[in-house]
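Structure file structure-v4.cif (mmCIF, C-alpha atoms and all ligand atoms) follows.
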```cif
data_upload
#
loop_
_atom_site.label_atom_id
_atom_site.label_comp_id
_atom_site.auth_asym_id
_atom_site.auth_seq_id
_atom_site.Cartn_x
_atom_site.Cartn_y
_atom_site.Cartn_z
CA MET H 1 -27.32 49.52 -36.07
CA GLY H 2 -26.94 53.30 -36.11
CA PHE H 3 -23.35 53.38 -37.35
CA LEU H 4 -24.21 51.77 -40.68
CA ASP H 5 -24.43 53.73 -43.90
CA THR H 6 -27.97 53.47 -45.28
CA ASN H 7 -29.01 57.06 -45.80
CA SER H 8 -25.90 59.02 -46.79
CA PRO H 9 -25.97 60.82 -50.16
CA PRO H 10 -24.83 57.76 -52.16
CA PHE H 11 -27.85 55.79 -50.90
CA GLY H 12 -30.38 58.52 -50.24
CA GLY H 13 -32.39 57.52 -53.30
CA LEU H 14 -32.99 53.94 -52.14
CA ARG H 15 -36.23 53.98 -50.28
CA ASP H 16 -36.61 50.20 -50.15
CA ALA H 17 -34.07 47.90 -48.61
CA PRO H 18 -31.63 47.05 -51.43
CA GLU H 19 -31.81 43.32 -50.74
CA GLN H 20 -35.48 43.49 -51.79
CA LEU H 21 -34.95 45.85 -54.71
CA PHE H 22 -31.83 44.19 -56.07
CA SER H 23 -32.40 40.56 -55.05
CA ALA H 24 -33.01 39.25 -58.56
CA LEU H 25 -30.09 41.06 -60.17
CA PRO H 26 -27.32 38.96 -61.65
CA THR H 27 -24.10 40.33 -60.14
CA PRO H 28 -21.81 42.08 -60.67
CA CYS H 29 -23.76 44.85 -62.35
CA TYR H 30 -23.95 48.61 -62.40
CA VAL H 31 -27.31 50.23 -61.71
CA MET H 32 -27.90 53.81 -62.85
CA ASP H 33 -30.46 55.70 -60.82
CA GLU H 34 -32.57 57.96 -63.03
CA ALA H 35 -34.12 59.89 -60.14
CA ARG H 36 -30.66 60.87 -58.94
CA LEU H 37 -29.49 61.80 -62.45
CA ARG H 38 -32.56 63.99 -62.82
CA ALA H 39 -31.97 65.63 -59.43
CA ASN H 40 -28.38 66.45 -60.45
CA GLY H 41 -29.59 67.69 -63.83
CA SER H 42 -32.18 69.97 -62.19
CA CYS H 43 -29.56 71.46 -59.87
CA LEU H 44 -27.24 72.18 -62.81
CA ALA H 45 -30.01 73.56 -65.02
CA ALA H 46 -31.15 75.89 -62.22
CA LEU H 47 -27.59 77.18 -61.89
CA ALA H 48 -27.42 77.78 -65.64
CA GLU H 49 -30.79 79.51 -65.54
CA ARG H 50 -29.82 81.78 -62.64
CA THR H 51 -26.44 82.80 -64.04
CA GLY H 52 -26.64 82.40 -67.80
CA CYS H 53 -23.65 80.03 -67.80
CA LYS H 54 -23.65 76.93 -70.00
CA ILE H 55 -23.05 73.48 -68.58
CA LEU H 56 -21.62 70.55 -70.50
CA LEU H 57 -21.36 66.88 -69.52
CA ALA H 58 -17.70 65.81 -69.39
CA GLN H 59 -18.14 62.39 -70.94
CA LYS H 60 -14.86 61.06 -69.56
CA ALA H 61 -16.67 60.70 -66.20
CA PHE H 62 -20.00 59.38 -67.41
CA SER H 63 -20.79 58.33 -70.94
CA ASN H 64 -23.65 55.87 -70.56
CA TYR H 65 -25.51 57.32 -73.48
CA ASP H 66 -28.79 55.56 -72.72
CA PHE H 67 -29.21 58.33 -70.16
CA TYR H 68 -28.33 61.22 -72.47
CA PRO H 69 -31.98 61.80 -73.44
CA LEU H 70 -32.80 62.18 -69.73
CA LEU H 71 -29.90 64.59 -69.16
CA ALA H 72 -30.12 66.58 -72.39
CA PRO H 73 -32.87 69.01 -71.28
CA TYR H 74 -30.69 70.12 -68.38
CA LEU H 75 -27.44 70.63 -70.29
CA ALA H 76 -26.02 72.76 -73.10
CA GLY H 77 -24.19 69.75 -74.53
CA THR H 78 -21.25 67.45 -74.09
CA GLU H 79 -17.51 67.76 -73.64
CA ALA H 80 -15.17 65.22 -75.19
CA SER H 81 -11.55 64.19 -74.71
CA GLY H 82 -11.03 63.26 -78.34
CA LEU H 83 -12.60 61.93 -81.50
CA TYR H 84 -14.65 59.04 -80.13
CA GLU H 85 -16.24 60.92 -77.26
CA ALA H 86 -16.93 63.85 -79.59
CA ARG H 87 -18.72 61.49 -81.95
CA LEU H 88 -20.65 59.91 -79.08
CA GLY H 89 -21.83 63.29 -77.85
CA TRP H 90 -22.79 64.34 -81.36
CA GLU H 91 -24.69 61.10 -82.00
CA GLU H 92 -26.35 60.62 -78.66
CA MET H 93 -27.06 64.17 -77.52
CA PRO H 94 -28.02 65.58 -80.92
CA GLN H 95 -28.78 69.26 -81.47
CA LYS H 96 -26.56 70.15 -78.51
CA GLU H 97 -23.11 71.69 -78.37
CA VAL H 98 -20.07 69.42 -78.70
CA HIS H 99 -16.83 70.71 -77.19
CA VAL H 100 -13.53 68.89 -77.32
CA PHE H 101 -10.28 69.29 -75.46
CA CYS H 102 -7.42 66.89 -76.17
CA GLY H 103 -3.84 66.92 -74.90
CA ALA H 104 -2.72 66.63 -78.52
CA TYR H 105 -4.81 66.15 -81.67
CA ARG H 106 -3.80 63.74 -84.44
CA ALA H 107 -3.57 64.93 -88.01
CA ASP H 108 -5.23 61.73 -89.28
CA GLN H 109 -8.33 62.33 -87.12
CA PHE H 110 -8.72 66.06 -87.32
CA GLU H 111 -10.96 66.23 -90.39
CA GLU H 112 -13.38 63.73 -88.88
CA LEU H 113 -13.35 65.59 -85.58
CA LEU H 114 -14.52 68.69 -87.43
CA GLN H 115 -17.70 66.82 -88.37
CA TYR H 116 -18.71 66.48 -84.74
CA ALA H 117 -17.22 69.24 -82.60
CA GLY H 118 -18.32 72.86 -82.65
CA HIS H 119 -15.74 74.06 -80.11
CA ILE H 120 -12.16 72.83 -80.31
CA VAL H 121 -9.76 73.60 -77.48
CA PHE H 122 -6.02 73.22 -78.03
CA ASN H 123 -3.47 72.41 -75.36
CA SER H 124 -0.50 74.21 -76.90
CA ILE H 125 0.25 77.15 -79.11
CA HIS H 126 2.00 74.76 -81.48
CA GLN H 127 -1.21 72.75 -81.93
CA LEU H 128 -3.20 75.98 -82.27
CA ALA H 129 -0.89 77.00 -85.12
CA ARG H 130 -1.02 73.50 -86.67
CA PHE H 131 -4.81 72.94 -86.61
CA GLY H 132 -6.40 76.26 -85.62
CA PRO H 133 -6.59 77.78 -89.13
CA ARG H 134 -8.32 74.64 -90.48
CA ALA H 135 -10.79 74.61 -87.57
CA LYS H 136 -11.57 78.28 -88.18
CA GLU H 137 -11.99 77.69 -91.91
CA ALA H 138 -14.50 74.94 -91.05
CA GLY H 139 -16.47 77.49 -89.01
CA LYS H 140 -15.51 76.15 -85.59
CA GLN H 141 -15.01 78.02 -82.34
CA VAL H 142 -11.34 77.81 -81.35
CA GLY H 143 -10.01 77.82 -77.79
CA LEU H 144 -6.75 77.43 -75.94
CA ARG H 145 -6.25 75.77 -72.57
CA ILE H 146 -4.32 77.96 -70.18
CA ASN H 147 -2.45 76.91 -67.07
CA PRO H 148 -2.97 79.44 -64.29
CA GLU H 149 -0.18 77.80 -62.24
CA CYS H 150 -2.36 77.72 -59.16
CA SER H 151 -2.53 74.39 -57.31
CA THR H 152 -5.47 74.21 -54.94
CA GLN H 153 -5.16 70.55 -54.03
CA GLU H 154 -2.48 68.91 -51.95
CA GLY H 155 -0.93 65.45 -52.10
CA HIS H 156 -2.74 64.59 -55.31
CA ALA H 157 -0.32 65.44 -58.11
CA ILE H 158 -1.89 62.88 -60.47
CA TYR H 159 -5.08 64.99 -60.43
CA ASP H 160 -3.42 68.40 -60.37
CA PRO H 161 -3.02 69.95 -63.82
CA CYS H 162 -1.09 72.80 -62.16
CA ALA H 163 1.52 70.52 -60.58
CA PRO H 164 5.10 71.51 -61.44
CA GLY H 165 6.07 70.26 -64.90
CA SER H 166 2.46 69.62 -65.93
CA ARG H 167 1.76 69.30 -69.67
CA MET H 168 -1.74 70.71 -69.23
CA GLY H 169 -2.30 74.15 -70.69
CA VAL H 170 -0.19 77.11 -71.69
CA THR H 171 1.51 79.07 -68.92
CA ARG H 172 1.79 82.83 -69.26
CA GLY H 173 5.55 82.40 -69.70
CA VAL H 174 5.07 80.19 -72.76
CA TRP H 175 2.30 82.50 -74.04
CA GLU H 176 4.77 85.41 -73.94
CA LEU H 177 7.31 83.43 -75.95
CA GLU H 178 5.03 81.81 -78.55
CA MET H 179 1.80 83.77 -79.00
CA THR H 180 1.55 85.93 -82.11
CA ASP H 181 -1.09 88.43 -83.22
CA SER H 182 -2.31 86.14 -85.98
CA LEU H 183 -2.66 83.15 -83.61
CA LEU H 184 -4.40 85.29 -81.02
CA ALA H 185 -6.85 86.35 -83.72
CA LEU H 186 -7.86 82.68 -84.12
CA LEU H 187 -9.00 82.41 -80.53
CA ASP H 188 -12.66 82.62 -79.50
CA GLY H 189 -12.12 81.43 -75.96
CA LEU H 190 -9.85 80.27 -73.17
CA HIS H 191 -10.21 77.11 -71.12
CA PHE H 192 -8.83 76.10 -67.76
CA HIS H 193 -9.32 72.91 -65.80
CA THR H 194 -7.55 72.73 -62.45
CA LEU H 195 -9.99 71.26 -59.91
CA CYS H 196 -10.89 67.76 -58.79
CA GLU H 197 -13.88 67.13 -56.50
CA GLN H 198 -13.48 70.65 -55.11
CA ASN H 199 -15.69 73.34 -53.67
CA SER H 200 -16.09 76.85 -55.05
CA ASP H 201 -13.60 78.48 -52.68
CA ASP H 202 -10.88 76.79 -54.73
CA LEU H 203 -12.49 78.04 -57.93
CA ARG H 204 -12.41 81.57 -56.52
CA THR H 205 -8.67 81.17 -55.78
CA THR H 206 -8.07 79.77 -59.26
CA LEU H 207 -10.07 82.48 -60.98
CA ALA H 208 -7.97 85.12 -59.24
CA ALA H 209 -4.85 83.43 -60.66
CA VAL H 210 -6.47 83.32 -64.12
CA GLU H 211 -7.20 87.03 -63.83
CA GLN H 212 -3.67 87.79 -62.69
CA HIS H 213 -2.05 85.89 -65.58
CA PHE H 214 -4.56 86.29 -68.41
CA GLY H 215 -6.87 89.15 -67.39
CA ASP H 216 -5.45 91.33 -70.14
CA VAL H 217 -6.43 88.95 -72.97
CA LEU H 218 -9.82 87.82 -71.66
CA PRO H 219 -11.72 90.90 -72.92
CA GLN H 220 -10.80 89.76 -76.44
CA MET H 221 -12.51 86.38 -75.86
CA LYS H 222 -16.12 85.33 -76.44
CA TRP H 223 -16.08 82.60 -73.81
CA LEU H 224 -14.25 81.21 -70.84
CA ASN H 225 -14.51 77.52 -70.04
CA MET H 226 -13.83 76.85 -66.36
CA GLY H 227 -13.42 73.08 -66.85
CA GLY H 228 -14.63 70.41 -64.47
CA GLY H 229 -13.89 69.30 -60.93
CA HIS H 230 -16.69 71.47 -59.51
CA HIS H 231 -18.59 69.22 -57.07
CA ILE H 232 -21.72 71.28 -57.64
CA THR H 233 -24.31 68.64 -56.75
CA ARG H 234 -22.67 67.68 -53.45
CA PRO H 235 -24.86 68.69 -50.47
CA ASP H 236 -22.21 71.02 -48.92
CA TYR H 237 -21.27 72.74 -52.19
CA ASP H 238 -21.22 76.53 -51.92
CA LEU H 239 -23.30 77.59 -54.92
CA ALA H 240 -23.29 81.28 -53.99
CA THR H 241 -19.50 81.52 -54.38
CA LEU H 242 -19.65 79.68 -57.71
CA GLU H 243 -22.31 82.10 -58.91
CA ARG H 244 -20.18 85.06 -57.86
CA CYS H 245 -17.25 83.61 -59.84
CA ILE H 246 -19.43 83.16 -62.93
CA ARG H 247 -20.85 86.69 -62.69
CA HIS H 248 -17.39 88.14 -62.10
CA ALA H 249 -16.15 86.59 -65.36
CA GLN H 250 -19.27 87.67 -67.26
CA ASP H 251 -19.16 91.24 -65.95
CA THR H 252 -15.39 91.79 -66.08
CA TRP H 253 -14.60 90.27 -69.47
CA GLY H 254 -17.97 90.03 -71.21
CA VAL H 255 -17.52 86.29 -71.78
CA THR H 256 -19.99 83.41 -71.91
CA VAL H 257 -19.01 81.06 -69.09
CA TYR H 258 -18.91 77.32 -69.68
CA LEU H 259 -18.56 74.67 -66.97
CA GLU H 260 -17.88 71.06 -67.92
CA PRO H 261 -18.37 68.91 -64.83
CA GLY H 262 -18.36 65.15 -65.13
CA GLU H 263 -18.74 63.96 -61.57
CA ALA H 264 -21.35 66.54 -60.63
CA VAL H 265 -23.68 65.33 -63.39
CA ALA H 266 -23.78 61.74 -62.18
CA LEU H 267 -22.68 62.10 -58.55
CA ASN H 268 -24.30 59.49 -56.30
CA ALA H 269 -26.40 58.32 -59.24
CA GLY H 270 -25.17 54.75 -59.56
CA TYR H 271 -24.47 51.56 -57.68
CA LEU H 272 -22.30 48.52 -58.25
CA ALA H 273 -24.07 45.45 -56.99
CA SER H 274 -21.87 42.49 -56.11
CA ARG H 275 -22.08 39.34 -54.07
CA VAL H 276 -19.79 37.50 -51.70
CA LEU H 277 -18.16 34.47 -53.33
CA ASP H 278 -16.06 33.32 -50.40
CA VAL H 279 -14.75 34.37 -47.02
CA VAL H 280 -11.14 33.54 -46.12
CA GLU H 281 -8.98 34.38 -43.13
CA ASN H 282 -5.35 35.34 -42.70
CA ASN H 283 -3.98 35.81 -39.17
CA GLY H 284 -7.20 37.22 -37.81
CA THR H 285 -8.10 39.30 -40.87
CA LYS H 286 -11.36 38.14 -42.41
CA ILE H 287 -11.45 38.73 -46.16
CA ALA H 288 -14.62 38.56 -48.22
CA ILE H 289 -13.90 37.84 -51.88
CA LEU H 290 -16.53 39.44 -54.09
CA ASP H 291 -17.60 38.88 -57.68
CA ALA H 292 -16.63 42.51 -58.34
CA SER H 293 -13.06 43.75 -58.60
CA ALA H 294 -11.51 47.09 -57.71
CA ALA H 295 -8.97 46.70 -60.50
CA CYS H 296 -11.57 45.87 -63.16
CA HIS H 297 -14.80 47.52 -62.12
CA MET H 298 -13.93 50.53 -59.97
CA PRO H 299 -10.32 51.32 -60.94
CA ASP H 300 -10.33 54.72 -59.23
CA VAL H 301 -10.46 52.89 -55.89
CA LEU H 302 -6.86 51.91 -56.61
CA GLU H 303 -5.83 54.86 -58.78
CA MET H 304 -7.09 57.80 -56.78
CA PRO H 305 -7.14 56.04 -54.26
CA TYR H 306 -10.38 56.10 -52.28
CA GLN H 307 -12.67 53.80 -50.35
CA PRO H 308 -16.20 53.59 -51.77
CA PRO H 309 -19.31 53.63 -49.57
CA ILE H 310 -21.25 50.39 -49.07
CA TYR H 311 -24.93 50.22 -48.19
CA GLY H 312 -25.35 48.95 -44.62
CA ALA H 313 -21.63 48.99 -43.82
CA SER H 314 -19.29 51.40 -42.11
CA THR H 315 -15.66 52.34 -42.55
CA GLN H 316 -15.49 52.97 -38.80
CA LEU H 317 -14.18 49.70 -37.51
CA ASP H 318 -14.88 50.04 -33.80
CA GLN H 319 -18.01 47.86 -33.81
CA GLY H 320 -19.74 45.15 -35.84
CA HIS H 321 -18.17 42.40 -37.94
CA ILE H 322 -15.06 43.58 -39.75
CA TYR H 323 -14.15 42.37 -43.22
CA ARG H 324 -11.60 43.30 -45.83
CA LEU H 325 -13.39 43.29 -49.18
CA ALA H 326 -11.40 42.16 -52.19
CA GLY H 327 -11.82 41.15 -55.81
CA PRO H 328 -11.43 37.67 -57.28
CA THR H 329 -8.50 38.58 -59.59
CA CYS H 330 -4.85 37.54 -59.26
CA LEU H 331 -3.79 41.05 -58.20
CA ALA H 332 -2.82 40.91 -54.52
CA GLY H 333 -3.74 44.58 -54.23
CA ASP H 334 -7.24 44.11 -55.66
CA VAL H 335 -8.55 45.27 -52.30
CA ILE H 336 -11.49 47.64 -51.87
CA GLY H 337 -11.05 48.35 -48.17
CA ASP H 338 -12.01 47.33 -44.64
CA TYR H 339 -15.64 47.65 -43.52
CA ALA H 340 -17.81 46.85 -40.53
CA PHE H 341 -21.12 44.98 -41.10
CA SER H 342 -23.90 44.28 -38.63
CA ASN H 343 -23.94 40.56 -39.42
CA PRO H 344 -21.25 38.10 -40.45
CA LEU H 345 -20.86 37.98 -44.23
CA GLN H 346 -21.77 34.78 -46.01
CA GLU H 347 -21.49 33.42 -49.50
CA GLY H 348 -24.21 35.00 -51.65
CA ASP H 349 -24.66 38.14 -49.56
CA LEU H 350 -25.31 41.31 -51.54
CA VAL H 351 -22.69 44.07 -51.27
CA LEU H 352 -23.90 47.32 -52.78
CA PHE H 353 -21.34 50.03 -53.53
CA GLY H 354 -22.50 53.64 -53.85
CA ASP H 355 -21.51 56.54 -56.11
CA MET H 356 -20.63 54.10 -58.88
CA ALA H 357 -21.91 55.96 -61.96
CA ILE H 358 -18.78 58.08 -62.37
CA TYR H 359 -15.38 56.99 -63.66
CA THR H 360 -16.47 53.32 -63.55
CA THR H 361 -18.23 52.05 -66.67
CA CYS H 362 -16.07 54.33 -68.82
CA LYS H 363 -12.86 52.97 -67.24
CA ASN H 364 -13.57 49.31 -66.58
CA ASN H 365 -11.68 46.43 -68.15
CA THR H 366 -11.62 42.64 -68.47
CA PHE H 367 -8.24 41.92 -66.81
CA ASN H 368 -8.06 38.25 -65.82
CA GLY H 369 -10.99 37.62 -68.16
CA MET H 370 -13.31 39.23 -65.66
CA PRO H 371 -16.77 39.74 -67.15
CA LEU H 372 -17.92 43.28 -67.82
CA PRO H 373 -20.74 43.98 -65.36
CA ASP H 374 -24.03 44.60 -67.12
CA LEU H 375 -25.73 47.97 -66.97
CA TRP H 376 -29.18 48.32 -65.47
CA ARG H 377 -31.57 51.20 -65.31
CA LEU H 378 -33.41 52.05 -62.07
CA ASP H 379 -36.26 54.24 -63.22
CA GLU H 380 -38.23 56.78 -61.24
CA THR H 381 -40.87 54.21 -60.28
CA LYS H 382 -38.02 52.13 -58.77
CA THR H 383 -38.31 49.54 -61.53
CA LEU H 384 -35.14 47.85 -62.74
CA SER H 385 -34.52 46.99 -66.39
CA PRO H 386 -31.40 45.67 -68.14
CA LEU H 387 -29.54 47.76 -70.74
CA THR H 388 -26.78 45.34 -71.75
CA ARG H 389 -25.98 41.67 -71.87
CA PHE H 390 -22.20 41.48 -71.90
CA GLY H 391 -20.56 38.11 -72.27
CA TYR H 392 -17.53 36.20 -73.45
CA GLN H 393 -17.54 37.88 -76.87
CA ASP H 394 -17.11 41.31 -75.31
CA PHE H 395 -13.95 40.04 -73.61
CA LYS H 396 -12.64 38.25 -76.68
CA MET H 397 -13.29 40.90 -79.33
CA ARG H 398 -10.73 43.28 -77.84
CA LEU H 399 -7.94 40.71 -77.95
CA GLY H 400 -7.82 39.66 -81.57
CA ARG H 401 -9.77 39.16 -84.71
C1 LIG H 501 -10.54 69.01 -69.31
C2 LIG H 501 -11.47 68.38 -68.33
N1 LIG H 501 -12.74 68.81 -68.25
C3 LIG H 501 -13.62 68.25 -67.39
C4 LIG H 501 -13.25 67.22 -66.55
C5 LIG H 501 -14.30 66.62 -65.64
O1 LIG H 501 -13.93 66.69 -64.31
P1 LIG H 501 -14.90 66.16 -63.16
O2 LIG H 501 -15.42 64.84 -63.58
O3 LIG H 501 -13.99 66.04 -61.97
O4 LIG H 501 -15.95 67.18 -62.98
C6 LIG H 501 -11.93 66.74 -66.59
C7 LIG H 501 -11.50 65.66 -65.70
O5 LIG H 501 -10.40 65.22 -65.68
C8 LIG H 501 -11.02 67.33 -67.51
O6 LIG H 501 -9.76 66.90 -67.60
#
```

Encoded form (structure tokens):
Amino acid sequence: MGFLDTNSPPFGGLRDAPEQLFSALPTPCYVMDEARLRANGSCLAALAERTGCKILLAQKAFSNYDFYPLLAPYLAGTEASGLYEARLGWEEMPQKEVHVFCGAYRADQFEELLQYAGHIVFNSIHQLARFGPRAKEAGKQVGLRINPECSTQEGHAIYDPCAPGSRMGVTRGVWELEMTDSLLALLDGLHFHTLCEQNSDDLRTTLAAVEQHFGDVLPQMKWLNMGGGHHITRPDYDLATLERCIRHAQDTWGVTVYLEPGEAVALNAGYLASRVLDVVENNGTKIAILDASAACHMPDVLEMPYQPPIYGASTQLDQGHIYRLAGPTCLAGDVIGDYAFSNPLQEGDLVLFGDMAIYTTCKNNTFNGMPLPDLWRLDETKTLSPLTRFGYQDFKMRLGR
């Protein structure tokens, strides 16, 4: 049926019918698609090559380190949100840059952090004063996150670091009150992160706000990190505007430009395979209960919220067999969404979610004692191999000794 989703970007890499390719897989499981990771990596490396910018993997989005060796040749390094991700990047993408930004660093972790991170970005002038001199003494590059007070997304305050009252980054007003010559002398770079799944027109708007508020200090900096949220590897992404933004920063302020996308590195490069456990009905609504859970295995479906794509299904509900897909947990709202299928769903049917490499494995949990889905590799010859064998112990070890 023409309305079904089998060839959109999340599934474009699956040449064979998934039922054939994935039939032997124990579900639920995540499958990482190496061909798609490589395609994203090539796109990012070409951008870096053309512009001279440096691109880091934001590990908060994708930190399945078995794939770091594949990604490393395309990237300048990793970006971390704190000590553990910094260590992971240092261990698993060795010889590459490790950058860290954290909302607030802890004194009892800072010395260890210095072992791993080469670039340390502070969120406040107070933290810059507290830890900056030690970072500098240890030979590290020191940065400060700025808040350009320029919201380019609407109705999404949870993902908008420029929302009123945000704790993210130093506004120019606070800079005026707290910045001193000696603290300014510690700084090698500035960092901003304001976007979420956005195109480069919003970066252009943001960069103009950065220039308006901080254009006077940027010539004193060695680098400018433009954060993540750039959906660079999306088919409709406007690369030319991004390149103009990068060149503008390089030419105007003489800075090295860093980008630290998470999503763009692993966009459409993973699947969550699940199967139907049961089909129930409530006043005409047919509900398929899966062995995968929104709450446990794709939490952004509920948090963001969004409705993930499914191979061979449609979110347009004007034809086909309509089902509400839901998880097996106790949470009434563990609902993934309503979809149309060409055939009635039955126990055991495969349901394959797309774009499941990002913000999934790094955010999942074992609520209700749900098993952690195993990780599988889909290599470039379309061969599947297992990476993990999670079980009861992985659930239990987090809950006690
Ligand atoms: C500081 C910082 N850098 C990079 C990213 C990665 O963003 P994305 O995965 O949307 O590209 C985030 C996401 O929240 C972030 O907070």

* To do: Enumerate as a list of chain:residue names the residues within 6 Å of ligand LIG 501 (chain H), counting all atoms listed in the file.
  =>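 Within the 6 Å cut-off, the matching residues are H:Ala58, H:Ala61, H:His193, H:Cys196, H:Glu197, H:Gly227, H:Gly228, H:Gly229, H:His230, H:Glu260, H:Pro261, H:Gly262, H:Glu263, H:Ala264.
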
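Proximity ranking of H:Leu144, H:Thr171, H:Asp33, H:Gly215 relative to Ala185 of chain H places H:Leu144 first, based on all atoms listed in the file.
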
* Which is closest to Ala295 of chain H among H:Ser314, H:Thr388, H:Thr366, H:Ser182, if we use all atoms listed in the file? ->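 Looking at the shortest contact to Ala295 of chain H, the residue is H:Thr366.
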
* Shortest interatomic distance to Leu184 of chain H - which of H:Asp278, H:Arg244, H:Ser200, H:Gly143, counting only C-alpha atoms ->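 Closest to Leu184 of chain H of all the choices is H:Gly143.
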
Between segment 284-303 of chain H and segment 329-351 of chain H, at 9 Å or less, what are the per-residue closest atom pairs and their distances in Å? Count all atoms listed in the file, order by chain and rising residue number, and return it as a tab-separated table.
```
residue	atom	partner	partner_atom	distance
H:Ile287	CA	H:Asp338	CA	8.8
H:Ala288	CA	H:Leu345	CA	7.4
H:Leu290	CA	H:Val351	CA	8.2
H:Ser293	CA	H:Asp334	CA	6.5
H:Ala294	CA	H:Asp334	CA	5.6
H:Ala295	CA	H:Asp334	CA	5.8
H:Cys296	CA	H:Thr329	CA	8.7
H:Met298	CA	H:Ile336	CA	8.9
H:Val301	CA	H:Ile336	CA	6.7
H:Leu302	CA	H:Asp334	CA	7.9
```

* **Distance of atom CA of Pro148 of chain H from atom CA of Gly77 of chain H, expressed in Å to one decimal place** =>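 Straight-line distance from atom CA of Gly77 of chain H to atom CA of Pro148 of chain H works out to 25.5 Å.
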
* Which residue gives the smallest distance to Cys43 of chain H among H:Leu187, H:Leu177, H:Ile246, H:Ile232, with all atoms listed in the file counted? ->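 Nearest candidate to Cys43 of chain H out of H:Leu187, H:Leu177, H:Ile246, H:Ile232: H:Ile232.
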
* **Spatial neighbours of segment 203-211 of chain H, 10 Å, all atoms listed in the file, chain gap at least 2 places, as number ranges by chain** => H: 146-152, 172, 192-195, 198-201, 213-218, 226, 229-230, 241-242, 244-246, 248-249, 252-253

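Interatomic distance, atom CA of Trp376 of chain H to atom CA of Cys29 of chain H: 7.2 Å.
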
* Structure fact -> Separating atom CA of Ala104 of chain H from atom CA of Asn123 of chain H, to the nearest tenth of an Å, is a gap of 6.6 Å

Save segment 100-112 of chain H to disk from that block, N, CA and C atoms included, as a CSV table (one decimal), in the first residue's frame.
```
chain,number,residue,atom,x,y,z
H,100,VAL,N,34.2,19.3,27.4
H,100,VAL,CA,33.1,19.0,28.4
H,100,VAL,C,32.4,20.3,28.7
H,101,PHE,N,31.1,20.2,28.8
H,101,PHE,CA,30.3,21.3,29.3
H,101,PHE,C,29.4,20.7,30.4
H,102,CYS,N,29.3,21.3,31.6
H,102,CYS,CA,28.4,20.8,32.6
H,102,CYS,C,27.8,22.0,33.2
H,103,GLY,N,26.5,21.8,33.6
H,103,GLY,CA,25.8,22.9,34.2
H,103,GLY,C,26.4,23.4,35.5
H,104,ALA,N,27.1,22.5,36.2
H,104,ALA,CA,27.9,22.9,37.4
H,104,ALA,C,28.8,21.8,37.7
H,105,TYR,N,30.1,22.1,37.8
H,105,TYR,CA,31.1,21.0,38.1
H,105,TYR,C,31.2,20.8,39.6
H,106,ARG,N,31.6,19.6,40.0
H,106,ARG,CA,31.7,19.3,41.4
H,106,ARG,C,33.2,19.3,41.8
H,107,ALA,N,33.5,19.9,43.0
H,107,ALA,CA,34.8,20.0,43.4
H,107,ALA,C,35.5,18.6,43.6
H,108,ASP,N,34.7,17.6,44.0
H,108,ASP,CA,35.3,16.3,44.3
H,108,ASP,C,35.5,15.5,43.0
H,109,GLN,N,35.1,16.0,41.8
H,109,GLN,CA,35.4,15.3,40.6
H,109,GLN,C,36.3,16.1,39.7
H,110,PHE,N,36.6,17.3,40.0
H,110,PHE,CA,37.3,18.2,39.1
H,110,PHE,C,38.7,17.7,38.7
H,111,GLU,N,39.4,17.2,39.7
H,111,GLU,CA,40.8,16.8,39.4
H,111,GLU,C,40.8,15.6,38.4
H,112,GLU,N,39.8,14.7,38.6
H,112,GLU,CA,39.8,13.5,37.7
H,112,GLU,C,39.3,14.0,36.3
```
